[in-house]
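Participant: The structure file query-v1.txt (compact mmCIF, C-alpha atoms and all ligand atoms) is provided below.
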```txt
# COMPACT_ATOMS: atom_id res chain seq x y z
CA MET M 1 39.26 62.88 405.45
CA HIS M 2 40.04 64.92 402.33
CA ASP M 3 42.27 62.58 400.49
CA LEU M 4 41.74 58.96 399.45
CA ARG M 5 44.56 56.82 398.07
CA ILE M 6 43.47 53.76 396.22
CA SER M 7 45.88 50.89 395.71
CA LEU M 8 44.60 49.20 392.57
CA LEU M 9 46.65 46.05 392.78
CA ASP M 10 49.44 44.55 394.83
CA ARG M 11 51.54 43.49 391.85
CA CYS M 12 54.42 45.45 390.44
CA ASN M 13 56.79 45.24 387.49
CA PHE M 14 59.64 46.56 389.74
CA ARG M 15 61.16 45.13 392.87
CA CYS M 16 62.42 48.26 394.63
CA PRO M 17 64.34 46.87 397.62
CA TYR M 18 62.78 49.43 399.99
CA CYS M 19 59.26 48.36 399.00
CA MET M 20 59.10 44.87 397.44
CA PRO M 21 62.51 43.25 397.79
CA GLU M 22 63.02 40.40 395.31
CA SER M 23 64.09 38.06 398.12
CA GLU M 24 60.57 38.30 399.55
CA PHE M 25 58.56 38.93 396.38
CA HIS M 26 60.01 36.14 394.30
CA GLU M 27 58.51 33.91 391.62
CA ASP M 28 56.52 31.86 394.11
CA TYR M 29 55.15 34.78 396.07
CA GLU M 30 51.35 34.66 396.00
CA PHE M 31 49.82 37.96 395.06
CA LEU M 32 46.13 38.55 395.59
CA LYS M 33 43.85 36.54 393.37
CA LYS M 34 41.72 38.66 391.08
CA THR M 35 38.51 37.64 392.86
CA LEU M 36 39.86 39.05 396.12
CA ARG M 37 40.64 42.43 394.58
CA LEU M 38 37.98 45.09 394.45
CA THR M 39 36.46 45.39 391.00
CA HIS M 40 36.31 48.76 389.30
CA ALA M 41 32.60 48.97 390.11
CA GLU M 42 33.36 48.36 393.78
CA ILE M 43 36.15 50.94 393.76
CA LEU M 44 33.77 53.44 392.18
CA GLN M 45 31.19 52.77 394.88
CA VAL M 46 33.72 53.43 397.67
CA ALA M 47 35.04 56.52 395.90
CA SER M 48 31.57 57.88 395.35
CA VAL M 49 30.67 57.42 399.03
CA ALA M 50 33.99 58.99 400.05
CA THR M 51 33.46 62.05 397.86
CA GLY M 52 29.96 62.29 399.33
CA LEU M 53 31.67 62.59 402.73
CA GLY M 54 33.95 65.38 401.58
CA VAL M 55 36.92 63.67 399.96
CA SER M 56 38.07 65.98 397.19
CA LYS M 57 41.34 64.31 396.17
CA ILE M 58 41.88 60.77 394.96
CA ARG M 59 45.24 59.25 394.09
CA LEU M 60 45.53 55.95 392.23
CA THR M 61 48.53 53.92 393.23
CA GLY M 62 49.62 50.39 394.00
CA GLY M 63 51.70 48.19 393.42
CA GLU M 64 52.00 49.52 389.92
CA PRO M 65 48.67 50.97 388.82
CA LEU M 66 49.58 50.85 385.13
CA LEU M 67 49.48 47.04 385.30
CA ASP M 68 45.71 47.52 385.37
CA LYS M 69 44.93 47.43 381.66
CA LYS M 70 41.54 49.04 382.10
CA LEU M 71 42.85 52.01 384.06
CA PRO M 72 41.55 54.66 381.62
CA GLU M 73 38.01 53.33 382.09
CA LEU M 74 38.30 53.58 385.85
CA VAL M 75 39.72 57.08 385.55
CA ARG M 76 36.77 58.07 383.37
CA GLY M 77 34.34 56.85 386.03
CA LEU M 78 36.17 58.54 388.89
CA ALA M 79 36.59 61.83 387.03
CA ARG M 80 32.79 62.15 386.85
CA LEU M 81 32.28 62.02 390.62
CA PRO M 82 30.72 65.21 391.93
CA GLY M 83 32.97 66.93 394.48
CA LEU M 84 36.18 65.39 393.19
CA GLU M 85 38.62 68.22 392.48
CA ASP M 86 41.84 66.36 391.93
CA LEU M 87 42.46 62.91 390.45
CA ALA M 88 46.11 61.86 390.48
CA LEU M 89 48.22 58.82 389.68
CA THR M 90 51.51 57.62 391.19
CA THR M 91 53.52 55.37 388.89
CA ASN M 92 57.01 54.15 388.17
CA ALA M 93 56.26 55.32 384.59
CA MET M 94 57.79 52.32 382.85
CA LEU M 95 54.47 51.56 381.12
CA LEU M 96 53.29 55.17 380.95
CA ALA M 97 54.11 56.38 377.43
CA PRO M 98 51.58 54.24 375.51
CA VAL M 99 48.59 55.04 377.77
CA VAL M 100 49.22 58.54 378.96
CA GLN M 101 47.09 60.24 376.30
CA ASP M 102 44.18 57.89 377.09
CA LEU M 103 44.54 58.80 380.75
CA ALA M 104 44.48 62.50 379.89
CA ASP M 105 41.40 62.03 377.71
CA ALA M 106 39.72 60.09 380.51
CA GLY M 107 40.08 63.03 382.89
CA LEU M 108 43.20 62.31 384.96
CA ASP M 109 44.48 65.59 386.44
CA ARG M 110 48.00 64.90 387.64
CA ILE M 111 50.82 62.38 387.55
CA THR M 112 53.59 61.71 390.05
CA VAL M 113 56.49 59.65 388.76
CA SER M 114 58.75 57.71 391.11
CA LEU M 115 62.34 57.87 389.90
CA ASP M 116 65.15 57.32 392.35
CA SER M 117 68.22 58.03 390.22
CA LEU M 118 69.33 59.02 386.74
CA ASP M 119 72.44 56.89 387.04
CA GLU M 120 71.65 53.71 385.05
CA ASP M 121 73.38 51.38 387.51
CA VAL M 122 71.91 52.98 390.61
CA PHE M 123 68.47 53.05 389.00
CA LYS M 124 68.77 49.34 388.25
CA VAL M 125 69.55 48.62 391.89
CA MET M 126 66.75 50.86 393.18
CA SER M 127 64.21 49.17 390.89
CA GLY M 128 65.34 45.69 391.87
CA GLY M 129 66.96 45.01 388.51
CA ARG M 130 63.69 45.44 386.62
CA GLY M 131 63.55 49.10 385.61
CA ASP M 132 64.51 50.51 382.23
CA LEU M 133 65.56 54.14 382.73
CA GLY M 134 65.05 55.03 379.06
CA ARG M 135 61.43 53.90 379.14
CA VAL M 136 60.78 55.84 382.35
CA LEU M 137 62.21 59.01 380.78
CA ASP M 138 60.09 58.36 377.65
CA GLY M 139 57.09 58.06 379.97
CA ILE M 140 57.90 61.44 381.49
CA GLU M 141 58.22 63.07 378.05
CA ALA M 142 54.98 61.52 376.88
CA ALA M 143 53.25 62.79 380.01
CA VAL M 144 54.46 66.30 379.24
CA ARG M 145 53.18 66.02 375.65
CA ALA M 146 49.81 64.85 376.99
CA GLY M 147 49.56 68.03 379.09
CA PHE M 148 50.50 66.72 382.53
CA ALA M 149 53.39 69.13 383.14
CA PRO M 150 54.50 69.98 385.71
CA LEU M 151 54.95 66.49 387.15
CA LYS M 152 56.02 65.57 390.63
CA ILE M 153 59.06 63.32 390.71
CA ASN M 154 59.33 61.21 393.87
CA VAL M 155 62.80 60.15 394.95
CA VAL M 156 63.29 57.80 397.90
CA VAL M 157 66.75 58.53 399.23
CA GLU M 158 68.67 55.66 400.77
CA ARG M 159 72.04 56.22 402.34
CA GLY M 160 74.90 54.60 400.49
CA VAL M 161 72.63 53.54 397.62
CA ASN M 162 71.41 56.60 395.69
CA ASP M 163 72.18 59.59 397.92
CA HIS M 164 75.28 60.44 395.87
CA THR M 165 73.13 60.81 392.72
CA VAL M 166 70.54 63.21 394.14
CA VAL M 167 72.30 66.41 393.05
CA ASP M 168 72.57 65.17 389.44
CA LEU M 169 68.90 64.30 389.44
CA LEU M 170 67.98 67.76 390.76
CA GLU M 171 70.19 69.36 388.13
CA HIS M 172 68.40 67.43 385.39
CA PHE M 173 64.97 68.62 386.51
CA ARG M 174 65.90 72.19 387.47
CA GLY M 175 64.28 74.63 385.09
CA THR M 176 61.80 72.08 383.69
CA GLY M 177 58.96 73.02 386.05
CA HIS M 178 58.78 69.46 387.41
CA ILE M 179 58.91 69.30 391.20
CA VAL M 180 61.37 66.80 392.64
CA ARG M 181 60.42 65.56 396.11
CA LEU M 182 63.11 63.92 398.21
CA ILE M 183 61.55 61.30 400.47
CA GLU M 184 63.06 59.84 403.61
CA TYR M 185 63.26 56.08 403.42
CA MET M 186 60.44 54.91 405.68
CA ASP M 187 59.89 51.83 407.79
CA VAL M 188 56.64 50.91 406.07
CA GLY M 189 55.73 47.22 406.24
CA ASN M 190 58.08 44.61 407.67
CA ARG M 191 59.84 43.18 404.69
CA ASN M 192 62.35 45.81 403.62
CA GLY M 193 64.73 45.36 406.56
CA TRP M 194 64.64 49.11 407.29
CA ARG M 195 67.41 50.50 409.49
CA ILE M 196 67.56 54.08 410.77
CA ASN M 197 71.10 54.46 409.41
CA GLN M 198 69.73 54.00 405.87
CA VAL M 199 67.67 57.17 406.27
CA VAL M 200 69.16 60.43 405.02
CA PRO M 201 67.44 63.12 407.11
CA SER M 202 65.86 65.84 405.00
CA ARG M 203 67.78 68.56 406.81
CA GLU M 204 71.04 66.92 405.68
CA LEU M 205 69.84 66.86 402.07
CA LEU M 206 68.58 70.41 402.37
CA SER M 207 72.00 71.66 403.40
CA ILE M 208 73.64 69.82 400.48
CA VAL M 209 71.12 71.33 398.06
CA HIS M 210 71.40 74.77 399.61
CA ALA M 211 75.20 74.73 399.32
CA ARG M 212 74.89 74.00 395.60
CA TRP M 213 71.87 76.12 394.70
CA PRO M 214 70.58 78.42 397.45
CA VAL M 215 66.91 77.83 398.25
CA ARG M 216 64.26 79.44 400.43
CA SER M 217 61.23 77.84 402.01
CA VAL M 218 57.80 78.46 400.53
CA GLU M 219 54.36 78.37 402.19
CA GLN M 220 52.33 75.17 402.09
CA ASN M 221 49.88 74.94 399.19
CA TYR M 222 47.21 73.72 401.59
CA PRO M 223 46.99 72.62 405.24
CA GLY M 224 48.17 69.04 405.69
CA GLU M 225 50.53 69.09 402.69
CA VAL M 226 53.18 66.46 403.41
CA ALA M 227 56.08 67.96 401.49
CA ARG M 228 57.99 70.94 402.85
CA ARG M 229 58.37 73.21 399.85
CA TYR M 230 61.49 75.13 398.83
CA GLU M 231 62.30 77.17 395.76
CA TYR M 232 65.64 77.87 394.14
CA LEU M 233 66.62 81.50 394.59
CA ASP M 234 67.71 81.62 390.96
CA GLY M 235 64.14 80.95 389.84
CA GLN M 236 64.80 77.46 388.48
CA GLY M 237 61.85 75.90 390.24
CA GLU M 238 60.68 74.13 393.33
CA ILE M 239 61.71 71.07 395.31
CA GLY M 240 60.04 69.29 398.22
CA PHE M 241 61.16 67.26 401.20
CA ILE M 242 59.03 64.53 402.73
CA SER M 243 60.38 63.81 406.17
CA SER M 244 58.04 61.31 407.74
CA VAL M 245 60.87 59.80 409.79
CA THR M 246 62.62 62.87 411.17
CA GLU M 247 59.73 65.37 411.16
CA PRO M 248 56.45 63.49 411.42
CA PHE M 249 53.24 65.18 410.41
CA CYS M 250 50.59 62.81 411.81
CA GLY M 251 48.60 65.65 413.40
CA SER M 252 47.70 67.24 410.08
CA CYS M 253 47.15 64.02 408.12
CA THR M 254 43.90 63.94 406.16
CA ARG M 255 44.42 60.71 404.23
CA ALA M 256 42.62 57.43 404.12
CA ARG M 257 43.91 54.49 402.11
CA LEU M 258 42.03 51.75 400.37
CA SER M 259 43.96 48.57 399.65
CA SER M 260 43.35 46.44 396.59
CA ASP M 261 41.54 43.84 398.71
CA GLY M 262 39.14 46.45 400.01
CA MET M 263 40.56 47.27 403.43
CA LEU M 264 40.34 50.88 404.54
CA TYR M 265 43.40 52.07 406.46
CA THR M 266 43.71 55.36 408.27
CA CYS M 267 47.50 55.31 408.48
CA LEU M 268 50.40 54.29 406.25
CA PHE M 269 51.83 52.41 409.20
CA ALA M 270 48.59 50.70 410.16
CA THR M 271 48.51 47.22 411.59
CA LYS M 272 44.86 46.70 410.84
CA GLY M 273 42.17 48.11 408.62
CA THR M 274 38.42 48.06 408.15
CA ASP M 275 37.08 45.57 405.65
CA LEU M 276 34.84 47.19 403.04
CA ARG M 277 34.84 44.30 400.58
CA GLU M 278 32.71 42.04 402.70
CA PRO M 279 29.92 44.53 403.32
CA ILE M 280 29.99 45.57 399.66
CA ARG M 281 29.75 41.97 398.49
CA ASN M 282 26.96 41.39 400.98
CA GLY M 283 24.98 44.15 399.31
CA ALA M 284 25.73 47.17 401.52
CA GLY M 285 24.21 50.29 400.03
CA ASP M 286 25.84 53.70 399.92
CA GLU M 287 24.34 54.73 403.24
CA GLU M 288 25.73 51.74 405.12
CA LEU M 289 29.12 52.20 403.49
CA SER M 290 29.10 55.87 404.32
CA ASP M 291 28.46 55.00 407.98
CA ILE M 292 31.39 52.57 408.01
CA LEU M 293 33.70 55.12 406.41
CA SER M 294 32.83 57.96 408.73
CA ARG M 295 32.95 55.77 411.84
CA THR M 296 36.37 54.44 410.86
CA TRP M 297 37.69 57.94 410.28
CA LEU M 298 36.24 59.44 413.44
CA GLN M 299 37.73 56.67 415.58
CA ARG M 300 41.21 57.05 414.20
CA ALA M 301 43.98 57.80 416.68
CA ASP M 302 46.97 56.99 414.48
CA ARG M 303 50.19 58.83 415.13
CA TYR M 304 52.72 56.13 414.39
CA SER M 305 55.39 58.46 413.00
CA GLU M 306 55.20 60.75 415.99
CA LEU M 307 55.61 57.81 418.37
CA ARG M 308 58.16 55.88 416.28
CA ARG M 309 61.20 54.71 418.15
CA PRO M 310 63.84 53.69 415.62
CA ASP M 311 65.28 51.03 417.94
CA VAL M 312 61.84 49.41 418.09
CA ALA M 313 61.03 49.97 414.39
CA GLU M 314 64.23 48.23 413.34
CA HIS M 315 62.95 45.02 414.93
CA HIS M 316 59.89 45.05 412.65
CA ALA M 317 57.84 43.71 415.53
CA LEU M 318 54.51 45.28 414.55
CA SER M 319 52.78 43.54 411.66
CA LYS M 320 52.34 46.72 409.63
CA VAL M 321 50.67 46.54 406.27
CA GLU M 322 53.06 46.63 403.31
CA MET M 323 53.44 49.72 401.08
CA TYR M 324 52.69 47.89 397.83
CA ARG M 325 49.38 46.76 399.33
CA ILE M 326 48.27 49.97 400.98
CA GLY M 327 49.64 52.29 398.28
CA GLY M 328 52.29 54.96 398.80
C1 LIG E 1 54.30 52.08 396.73
S1 LIG E 1 54.62 53.07 395.31
C2 LIG E 1 53.20 52.69 394.32
C3 LIG E 1 53.11 53.41 392.99
C4 LIG E 1 54.16 53.08 391.96
N1 LIG E 1 54.51 51.71 391.88
C5 LIG E 1 55.39 53.95 392.17
O1 LIG E 1 56.43 53.41 392.57
O2 LIG E 1 55.26 55.13 391.94
C6 LIG E 1 54.26 54.73 395.81
C7 LIG E 1 55.41 55.52 396.36
O3 LIG E 1 55.84 54.94 397.58
C8 LIG E 1 57.24 55.12 397.69
N2 LIG E 1 57.79 54.17 398.65
C9 LIG E 1 57.73 52.82 398.61
N3 LIG E 1 58.36 52.27 399.67
C10 LIG E 1 58.85 53.31 400.39
C11 LIG E 1 59.62 53.42 401.60
N4 LIG E 1 59.99 52.33 402.28
N5 LIG E 1 59.93 54.64 402.05
C12 LIG E 1 59.55 55.76 401.38
N6 LIG E 1 58.83 55.73 400.25
C13 LIG E 1 58.50 54.53 399.75
C14 LIG E 1 57.69 54.89 396.27
O4 LIG E 1 58.95 55.42 396.03
C15 LIG E 1 56.62 55.57 395.47
O5 LIG E 1 56.96 56.92 395.22
S1 LIG E 2 57.84 51.57 394.99
FE1 LIG E 2 56.36 51.32 393.35
S2 LIG E 2 57.64 50.59 391.67
FE2 LIG E 2 58.81 50.21 393.50
S3 LIG E 2 58.29 48.11 394.11
FE3 LIG E 2 56.98 49.52 395.28
S4 LIG E 2 55.14 49.55 394.09
FE4 LIG E 2 56.75 48.80 392.72
```
Would you mind writing the structure in this file as structure tokens?
Ligand SMILES: C[S@@+](CC[C@H](N)C(=O)[O-])C[C@H]1O[C@@H](n2cnc3c(N)ncnc32)[C@H](O)[C@@H]1O
Ligand code: SF4
Facilitator:
Amino acid sequence: MHDLRISLLDRCNFRCPYCMPESEFHEDYEFLKKTLRLTHAEILQVASVATGLGVSKIRLTGGEPLLDKKLPELVRGLARLPGLEDLALTTNAMLLAPVVQDLADAGLDRITVSLDSLDEDVFKVMSGGRGDLGRVLDGIEAAVRAGFAPLKINVVVERGVNDHTVVDLLEHFRGTGHIVRLIEYMDVGNRNGWRINQVVPSRELLSIVHARWPVRSVEQNYPGEVARRYEYLDGQGEIGFISSVTEPFCGSCTRARLSSDGMLYTCLFATKGTDLREPIRNGAGDEELSDILSRTWLQRADRYSELRRPDVAEHHALSKVEMYRIGG
């Protein structure tokens, strides 16, 4: 376990159809009550125990982590943890511009922005009608001014929805230093109605990209890196492919995930997790928590993506935890 992803809250200001479709996450949908969410102090306790066990990377995610108004305070606390080498945030960037300098001052190291298209209409669809492209682009610029360049830009590619806008998006970011990562649409959770024919395999995208701007593959930055890295031969930068559907990488996965209600999951496609909130609220000390964390990790045998059968996955029969809860 090298990498801990913390989902700060299950709410989001977007309704991306592949993650939180409006039909399911409507006005009456009951999100977690505040009392059921881990407090910042509780998150810090888990993070501190995790770094004590060797976790060196923490990513804050959600839901939309910027809906947490006290995020800079949490970042400040996390950034002080001994052993933590990399503190990152994944966000849709709509609320980023006003807080990004505070996040930098608090010690955040890196930002990944999710942005599925630069075509206004397609972007609207991919954000469930809630996103404002101009504000997201302002967020990106503000992040650059605050010293976060290069950013990673995550693009979920869905066939027939935004795949025709991928080349334009790559063109926009070529030469900026930002690293666009094209992500296969995954069957996380059970609510997005995933179908295998909505997935654009990375190798198909790679050949489209390569035909336009020749690329060559580059070594992994570190073992267990999920994105396959490529660089443009003309020196205009790097792109990544995340192919969890067509080329699973369960064997090298080093990630644990903490949901906003304090469940620890050892796989993105998990059906059950380990409750940390109850022991914490019953007064568990660091040693007890450390035992729970290491036991959970050592017992893991997850390899969902390697075993996935699309015909079975399409039936959404397993009650997998949702992406907005577990954090992407
Ligand atoms: C769940 S979001 C949480 C953070 C933030 N709201 C955001 O969108 O960046 C984290 C990442 O998961 C990705 N994601 C969500 N649902 C997905 C799916 N079904 N397949 C692939 N990626 C998905 C999003 O595109 C995003 O990059
Ligand atoms: S992908 Fe991120 S922005 Fe989109 S609905 Fe999920 S949590 Fe919200």
Participant: Rank M:Val166, M:Val188, M:Cys267, M:Ile111 by their smallest atom-to-atom distance to ligand LIG 1 (chain E), using all atoms listed in the file, and report the top residue only.
Facilitator: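 Ranked by minimum distance to ligand LIG 1 (chain E), first place goes to M:Val188.
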Participant: Got a sec to check which residues lie within 7 Å of ligand LIG 2 (chain E), using all atoms listed in the file, and send them as a list in words?
Facilitator: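 Within the 7 Å cut-off, the matching residues are Cys12, Asn13, Phe14, Arg15, Cys16, Cys19, Met20, Gly62, Gly63, Glu64, Thr91, Asn92, Ser127, Met323 and Tyr324 of chain M.
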Participant: Rank nothing, just name the residue among M:Val218, M:Leu71, M:Ala104, M:Leu268 nearest to ligand LIG 1 (chain E), using only C-alpha atoms and all ligand atoms.
Facilitator: M:Leu268
Participant: Quick one: residues within 12 Å of Leu74 in chain M, all atoms listed in the file counted, chain neighbours fewer than 3 positions away excluded, as a PyMOL selection string?
Facilitator: chain M and resi 6+8+39-45+47+60+65-66+68-71+77-81+87+89+102-103+106-108
Participant: Taking into account all atoms listed in the file, which residue in the set M:Gly273, M:Gly262, M:Gly251, M:Pro72 is nearest to Pro223 in chain M?
Facilitator: M:Gly251
Participant: For a quick check of understanding, using all atoms listed in the file, which of M:Pro98, M:Asp119, M:Ser7, M:Arg174 has the smallest distance to Arg145 in chain M?
Facilitator: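 Of all the options, M:Pro98 lies closest to Arg145 in chain M.
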Participant: Work out how far apart CA of Asn221 in chain M and CA of Ile239 in chain M are and give it in Å to one decimal.
Facilitator: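 CA of Ile239 in chain M lies at a distance of 13.0 Å from CA of Asn221 in chain M.
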Participant: Please indicate the distance in Å from atom C5 of ligand LIG 1 (chain E) to CA of Thr61 in chain M, rounded to one decimal place.
Facilitator: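 Those two atoms sit 6.9 Å apart.
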Participant: Contacts of Tyr185 in chain M at 7 Å or less, counting all atoms listed in the file, minus same-chain residues fewer than 2 places along, as a list of chain:residue names?
Facilitator: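 Contacts, in chain order: M:Val156, M:Val157, M:Glu158, M:Ile183, M:Asp187, M:Val199.
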Participant: Hey, can you check how far CA of Gly240 in chain M sits from CA of Ala211 in chain M?
Facilitator: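 Those two atoms sit 16.1 Å apart.
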Participant: Could you pull the residues within 12 Å of Ser56 in chain M, counting all atoms listed in the file, minus those fewer than 3 positions along the same chain, as number ranges by chain?
Facilitator: M: 1-5, 47-53, 59, 78-79, 81-88, 254-256
Participant: I want to know what sits within 12 Å of Glu204 in chain M, based on only C-alpha atoms, with residues of the same chain fewer than 5 positions away left out; could you give that as a PyMOL selection string?
Facilitator: chain M and resi 157+159+163+182+184+199+209-211+241+243+246
Participant: Could you pull range 257-266 of chain M out of the structure just shown and give all heavy atoms as an mmCIF file, in the first residue's frame?
Facilitator:
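In the end it all went to selection-v1.cif:
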```cif
data_model
loop_
_atom_site.group_PDB
_atom_site.id
_atom_site.type_symbol
_atom_site.label_atom_id
_atom_site.label_comp_id
_atom_site.auth_asym_id
_atom_site.auth_seq_id
_atom_site.Cartn_x
_atom_site.Cartn_y
_atom_site.Cartn_z
ATOM 1 N N ARG M 257 -8.348 2.890 -0.786
ATOM 2 C CA ARG M 257 -9.285 4.012 -0.933
ATOM 3 C C ARG M 257 -10.114 4.152 0.327
ATOM 4 O O ARG M 257 -10.613 3.161 0.858
ATOM 5 C CB ARG M 257 -10.211 3.751 -2.112
ATOM 6 C CG ARG M 257 -9.444 3.684 -3.412
ATOM 7 C CD ARG M 257 -10.270 3.071 -4.517
ATOM 8 N NE ARG M 257 -9.410 2.784 -5.641
ATOM 9 C CZ ARG M 257 -9.138 3.636 -6.633
ATOM 10 N NH1 ARG M 257 -9.718 4.824 -6.646
ATOM 11 N NH2 ARG M 257 -8.313 3.315 -7.589
ATOM 12 N N LEU M 258 -10.235 5.381 0.761
ATOM 13 C CA LEU M 258 -11.022 5.664 1.952
ATOM 14 C C LEU M 258 -12.249 6.460 1.523
ATOM 15 O O LEU M 258 -12.122 7.528 0.925
ATOM 16 C CB LEU M 258 -10.168 6.495 2.924
ATOM 17 C CG LEU M 258 -10.827 6.879 4.242
ATOM 18 C CD1 LEU M 258 -11.100 5.647 5.106
ATOM 19 C CD2 LEU M 258 -9.936 7.864 5.002
ATOM 20 N N SER M 259 -13.432 5.935 1.816
ATOM 21 C CA SER M 259 -14.641 6.652 1.404
ATOM 22 C C SER M 259 -14.984 7.704 2.450
ATOM 23 O O SER M 259 -14.458 7.695 3.565
ATOM 24 C CB SER M 259 -15.799 5.676 1.222
ATOM 25 O OG SER M 259 -16.150 5.149 2.480
ATOM 26 N N SER M 260 -15.890 8.602 2.074
ATOM 27 C CA SER M 260 -16.190 9.715 2.977
ATOM 28 C C SER M 260 -16.876 9.240 4.253
ATOM 29 O O SER M 260 -16.850 9.928 5.260
ATOM 30 C CB SER M 260 -17.031 10.762 2.261
ATOM 31 O OG SER M 260 -18.080 10.147 1.557
ATOM 32 N N ASP M 261 -17.477 8.042 4.232
ATOM 33 C CA ASP M 261 -18.066 7.528 5.473
ATOM 34 C C ASP M 261 -17.111 6.585 6.201
ATOM 35 O O ASP M 261 -17.521 5.827 7.075
ATOM 36 C CB ASP M 261 -19.429 6.869 5.219
ATOM 37 C CG ASP M 261 -19.378 5.786 4.150
ATOM 38 O OD1 ASP M 261 -18.324 5.644 3.498
ATOM 39 O OD2 ASP M 261 -20.377 5.079 3.964
ATOM 40 N N GLY M 262 -15.845 6.627 5.827
ATOM 41 C CA GLY M 262 -14.840 5.943 6.630
ATOM 42 C C GLY M 262 -14.663 4.470 6.333
ATOM 43 O O GLY M 262 -14.160 3.724 7.172
ATOM 44 N N MET M 263 -15.080 4.030 5.143
ATOM 45 C CA MET M 263 -14.822 2.636 4.775
ATOM 46 C C MET M 263 -13.515 2.581 3.990
ATOM 47 O O MET M 263 -13.278 3.423 3.116
ATOM 48 C CB MET M 263 -15.942 2.078 3.888
ATOM 49 C CG MET M 263 -17.313 2.108 4.514
ATOM 50 S SD MET M 263 -17.474 0.943 5.870
ATOM 51 C CE MET M 263 -17.631 -0.581 4.975
ATOM 52 N N LEU M 264 -12.707 1.584 4.294
ATOM 53 C CA LEU M 264 -11.460 1.392 3.550
ATOM 54 C C LEU M 264 -11.692 0.315 2.496
ATOM 55 O O LEU M 264 -12.140 -0.790 2.817
ATOM 56 C CB LEU M 264 -10.355 0.947 4.511
ATOM 57 C CG LEU M 264 -8.972 0.840 3.892
ATOM 58 C CD1 LEU M 264 -8.394 2.225 3.602
ATOM 59 C CD2 LEU M 264 -8.024 0.074 4.830
ATOM 60 N N TYR M 265 -11.423 0.660 1.235
ATOM 61 C CA TYR M 265 -11.614 -0.286 0.141
ATOM 62 C C TYR M 265 -10.262 -0.572 -0.497
ATOM 63 O O TYR M 265 -9.447 0.341 -0.663
ATOM 64 C CB TYR M 265 -12.550 0.300 -0.919
ATOM 65 C CG TYR M 265 -13.965 0.514 -0.426
ATOM 66 C CD1 TYR M 265 -14.366 1.767 0.038
ATOM 67 C CD2 TYR M 265 -14.883 -0.524 -0.432
ATOM 68 C CE1 TYR M 265 -15.665 1.970 0.479
ATOM 69 C CE2 TYR M 265 -16.187 -0.326 0.006
ATOM 70 C CZ TYR M 265 -16.576 0.921 0.460
ATOM 71 O OH TYR M 265 -17.856 1.116 0.898
ATOM 72 N N THR M 266 -10.081 -1.820 -0.897
ATOM 73 C CA THR M 266 -8.787 -2.168 -1.501
ATOM 74 C C THR M 266 -8.911 -2.307 -3.013
ATOM 75 O O THR M 266 -7.964 -2.701 -3.675
ATOM 76 C CB THR M 266 -8.227 -3.467 -0.893
ATOM 77 O OG1 THR M 266 -9.225 -4.493 -1.010
ATOM 78 C CG2 THR M 266 -7.879 -3.278 0.562
#
```
